[in-house]
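Peer 1: This is the structure, below, for whatever I ask next.
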Amino acid sequence: MPSQGQSQDRKIVVSHNTAIYRFALPTPESVLGLPTGQHISVSAEIGGKGIIRSYTPTSNDEEKGHFDLLIKSYPTGNISKLFGELEIGQEIRVKGPKGQFKYSANCLRSIGMIAGGTGITPMLQIIKAVLHNPLDRTKLSLIFANVGVDGILLQDELDNLAEKHLNQFSLYYVLNEPPAGWTGGVGFVSKDMIRERCPVYAEDVKILLCGPPPMIKAMAAITEDLGYPKSNTISKIADTVFKF
């Protein structure tokens, strides 16, 4: 789609610096029509410079009339700071679809996902596409890493999906600073965690990575140690280990 203005319809606070921003589409029956695995770009002129950032909607085409973006706002950020200052009714410029990854039902037997922070967004997009399609039998396993329990974004939605699809979707949280009594993973995502939670390398398997660059670099090295093909600097759809 060409660059279009979309007006903010609602803001749902998720944490002290993160919110879901809901943007209205032209009609209540309109859908964004973004292929699963693709993202959109948001552009703005800030300080006399054109700034573009990419985001993956957490909503899908079953949710008509709007699309949702999960954004963490940083005081020194550009687009993210702009989102934090948006008022209801203000518009943003979006363009898409973009990205190298496209998912279609049953194109893979199993997908292992490793995400950190707002890197959950492309994972959730794919998870919802798979689990909302009763004909899609793809197995999903997600390792989701964060600093503390308060930083687990969209936890309720993820937990509900995991509970409803016990035989198809496995979910494992990892925290650097866990609370007392925590039963999930502790520290950084390790080789053992990936070996135990993600599918073994095969032609009909992919590992998807999204999160802070240092984390992705470490995960790419670990997956290679575990026998997956070496990931490319810029991922392509054919890559077994795909980095968003």
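By convention in this document, the chains of the structure tokens carry letters A, B, ... by their order, each chain's residues are numbered from 1, and ligands are numbered from 1 in the order they are shown.
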Select from region 141-214 of chain A every residue with an atom at most 9 Å from any atom of region 121-134 of chain A, then for each give the shortest pair of atoms and their distance in Å to one decimal, using only C-alpha atoms, rows by chain and rising number, as a Markdown table.
Peer 2:
| residue | atom | partner | partner_atom | distance |
| --- | --- | --- | --- | --- |
| A:Leu142 | CA | A:Met123 | CA | 8.1 |
| A:Leu158 | CA | A:Leu124 | CA | 8.0 |
| A:Leu161 | CA | A:Leu131 | CA | 7.9 |
| A:His165 | CA | A:Leu131 | CA | 7.4 |
| A:Gln168 | CA | A:Leu131 | CA | 8.0 |
| A:Phe169 | CA | A:Leu131 | CA | 8.2 |
| A:Leu208 | CA | A:Met123 | CA | 7.9 |
| A:Leu209 | CA | A:Met123 | CA | 8.6 |
| A:Cys210 | CA | A:Pro122 | CA | 7.8 |
Peer 1: Write out as an NGL selection string which residues come within 12 Å of Trp182 (chain A) when counting only C-alpha atoms, dropping same-chain ones fewer than 4 positions away.
Peer 2: :A and (148-149 or 172-178 or 186-187)
Peer 1: Kindly save the residues from that selection, with N, CA and C atoms included, as a compact mmCIF listing (two decimals), in the first residue's frame.
Peer 2:
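File result.txt, as written:
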# COMPACT_ATOMS: atom_id res chain seq x y z
N GLY A 148 12.45 -8.22 33.91
CA GLY A 148 11.64 -8.58 35.07
C GLY A 148 10.24 -8.94 34.67
N VAL A 149 9.46 -9.44 35.62
CA VAL A 149 8.11 -9.90 35.31
C VAL A 149 7.22 -8.76 34.81
N TYR A 172 7.55 -20.32 27.07
CA TYR A 172 8.53 -20.36 28.15
C TYR A 172 9.11 -18.97 28.35
N TYR A 173 8.94 -18.45 29.56
CA TYR A 173 9.46 -17.12 29.89
C TYR A 173 10.83 -17.24 30.56
N VAL A 174 11.69 -16.28 30.25
CA VAL A 174 13.02 -16.19 30.85
C VAL A 174 13.21 -14.78 31.39
N LEU A 175 13.63 -14.66 32.66
CA LEU A 175 13.81 -13.36 33.28
C LEU A 175 15.23 -13.21 33.83
N ASN A 176 15.81 -12.02 33.62
CA ASN A 176 17.10 -11.72 34.24
C ASN A 176 16.96 -11.49 35.73
N GLU A 177 15.85 -10.87 36.12
CA GLU A 177 15.62 -10.54 37.53
C GLU A 177 14.28 -11.14 37.97
N PRO A 178 14.24 -12.44 38.22
CA PRO A 178 12.97 -13.09 38.55
C PRO A 178 12.52 -12.80 39.98
N VAL A 186 15.82 -18.47 34.11
CA VAL A 186 16.52 -17.39 34.82
C VAL A 186 17.81 -17.06 34.09
N GLY A 187 18.09 -15.76 33.97
CA GLY A 187 19.32 -15.31 33.32
C GLY A 187 19.09 -15.04 31.85
Peer 1: If you run DSSP on this backbone, which residues of region 23-222 of chain A come out as alpha helix (DSSP H), and could you give them as a ChimeraX atom specification?
Peer 2: /A:79-84,120-131,155-164,191-197,213-222
Peer 1: Can you tell me which residues surround region 69-74 of chain A at a distance of at most 9 Å, considering only C-alpha atoms, apart from same-chain residues fewer than 5 positions away, and format the answer as a PyMOL selection string?
Peer 2: chain A and resi 14-15+17-23+55-59+79-84+118+121+153
Peer 1: Can you measure CA of Pro75 (chain A) to CA of Ala115 (chain A) for me? One decimal in Å is fine.
Peer 2: 23.4 Å
Peer 1: CA of Asp225 (chain A) to CA of Ile152 (chain A): how many Å, to one decimal?
Peer 2: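 CA of Asp225 (chain A) sits 27.8 Å away from CA of Ile152 (chain A).
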Peer 1: Quick one: residues within 10 Å of Pro35 (chain A), only C-alpha atoms, excluding same-chain residues fewer than 2 positions away - as a PyMOL selection string?
Peer 2: chain A and resi 32-33+37-39+60-61+96-99+101-104+125-126+129
Peer 1: Go ahead and save the picked residues with N, CA and C atoms, as a PDB file, in the first residue's frame.
Peer 2:
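Below you can see result.pdb, which holds the result:
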ATOM      1  N   LEU A  32      -6.372  -4.247   7.418  1.00  0.00           N
ATOM      2  CA  LEU A  32      -5.067  -3.763   6.963  1.00  0.00           C
ATOM      3  C   LEU A  32      -4.558  -4.595   5.790  1.00  0.00           C
ATOM      4  N   GLY A  33      -4.833  -5.902   5.796  1.00  0.00           N
ATOM      5  CA  GLY A  33      -4.444  -6.767   4.683  1.00  0.00           C
ATOM      6  C   GLY A  33      -2.968  -7.065   4.623  1.00  0.00           C
ATOM      7  N   GLY A  37       3.813 -12.167   8.749  1.00  0.00           N
ATOM      8  CA  GLY A  37       5.271 -12.133   8.706  1.00  0.00           C
ATOM      9  C   GLY A  37       5.823 -10.824   8.172  1.00  0.00           C
ATOM     10  N   GLN A  38       4.936  -9.976   7.635  1.00  0.00           N
ATOM     11  CA  GLN A  38       5.354  -8.696   7.078  1.00  0.00           C
ATOM     12  C   GLN A  38       5.144  -7.575   8.102  1.00  0.00           C
ATOM     13  N   HIS A  39       5.754  -6.425   7.832  1.00  0.00           N
ATOM     14  CA  HIS A  39       5.601  -5.284   8.730  1.00  0.00           C
ATOM     15  C   HIS A  39       5.297  -4.027   7.921  1.00  0.00           C
ATOM     16  N   ASN A  60      -4.664  -8.659  13.705  1.00  0.00           N
ATOM     17  CA  ASN A  60      -4.729  -9.328  12.409  1.00  0.00           C
ATOM     18  C   ASN A  60      -6.035  -8.961  11.720  1.00  0.00           C
ATOM     19  N   ASP A  61      -6.298  -9.568  10.568  1.00  0.00           N
ATOM     20  CA  ASP A  61      -7.451  -9.152   9.772  1.00  0.00           C
ATOM     21  C   ASP A  61      -8.777  -9.662  10.325  1.00  0.00           C
ATOM     22  N   GLY A  96       3.415  -0.005   3.498  1.00  0.00           N
ATOM     23  CA  GLY A  96       3.746  -1.417   3.531  1.00  0.00           C
ATOM     24  C   GLY A  96       2.976  -2.163   2.444  1.00  0.00           C
ATOM     25  N   PRO A  97       3.066  -3.484   2.405  1.00  0.00           N
ATOM     26  CA  PRO A  97       3.826  -4.331   3.330  1.00  0.00           C
ATOM     27  C   PRO A  97       5.314  -4.336   3.016  1.00  0.00           C
ATOM     28  N   LYS A  98       6.098  -4.657   4.043  1.00  0.00           N
ATOM     29  CA  LYS A  98       7.543  -4.751   3.903  1.00  0.00           C
ATOM     30  C   LYS A  98       8.052  -5.986   4.634  1.00  0.00           C
ATOM     31  N   GLY A  99       9.263  -6.419   4.267  1.00  0.00           N
ATOM     32  CA  GLY A  99       9.883  -7.533   4.959  1.00  0.00           C
ATOM     33  C   GLY A  99      10.126  -8.733   4.063  1.00  0.00           C
ATOM     34  N   PHE A 101      10.034 -12.001   5.232  1.00  0.00           N
ATOM     35  CA  PHE A 101       9.386 -13.225   5.702  1.00  0.00           C
ATOM     36  C   PHE A 101       7.893 -13.204   5.412  1.00  0.00           C
ATOM     37  N   LYS A 102       7.398 -14.290   4.847  1.00  0.00           N
ATOM     38  CA  LYS A 102       5.965 -14.459   4.641  1.00  0.00           C
ATOM     39  C   LYS A 102       5.572 -15.858   5.098  1.00  0.00           C
ATOM     40  N   TYR A 103       4.538 -15.904   5.924  1.00  0.00           N
ATOM     41  CA  TYR A 103       4.071 -17.207   6.412  1.00  0.00           C
ATOM     42  C   TYR A 103       2.752 -17.578   5.750  1.00  0.00           C
ATOM     43  N   SER A 104       2.636 -18.847   5.365  1.00  0.00           N
ATOM     44  CA  SER A 104       1.369 -19.383   4.881  1.00  0.00           C
ATOM     45  C   SER A 104       1.082 -20.673   5.637  1.00  0.00           C
ATOM     46  N   GLN A 125       2.165 -12.014  15.863  1.00  0.00           N
ATOM     47  CA  GLN A 125       1.451 -11.958  14.588  1.00  0.00           C
ATOM     48  C   GLN A 125       1.352 -13.351  13.964  1.00  0.00           C
ATOM     49  N   ILE A 126       2.461 -14.077  13.962  1.00  0.00           N
ATOM     50  CA  ILE A 126       2.494 -15.423  13.371  1.00  0.00           C
ATOM     51  C   ILE A 126       1.740 -16.416  14.246  1.00  0.00           C
ATOM     52  N   ALA A 129      -1.934 -16.057  13.684  1.00  0.00           N
ATOM     53  CA  ALA A 129      -2.329 -16.560  12.361  1.00  0.00           C
ATOM     54  C   ALA A 129      -2.430 -18.081  12.369  1.00  0.00           C
TER      55      ALA A 129
END
Peer 1: What's around Met219 (chain A) at 12 Å? Count only C-alpha atoms, leave out sequence neighbours fewer than 2 positions away in its own chain, and write the answer as a ChimeraX atom specification.
Peer 2: /A:112-116,143,145,188-195,207-217,221-226,228,230-231,241-243
Peer 1: Pick from A:Val147, A:Ala105, A:Val94, A:Val200: nearest to Leu135 (chain A), with only C-alpha atoms counted?
Peer 2: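 Nearest to Leu135 (chain A): A:Ala105.
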Peer 1: When you count only C-alpha atoms, which of these residues is closest to Lys49 (chain A): A:Pro229, A:Lys206, A:Asn78, A:Ala220?
Peer 2: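 Closest residue, counting only C-alpha atoms: A:Asn78.
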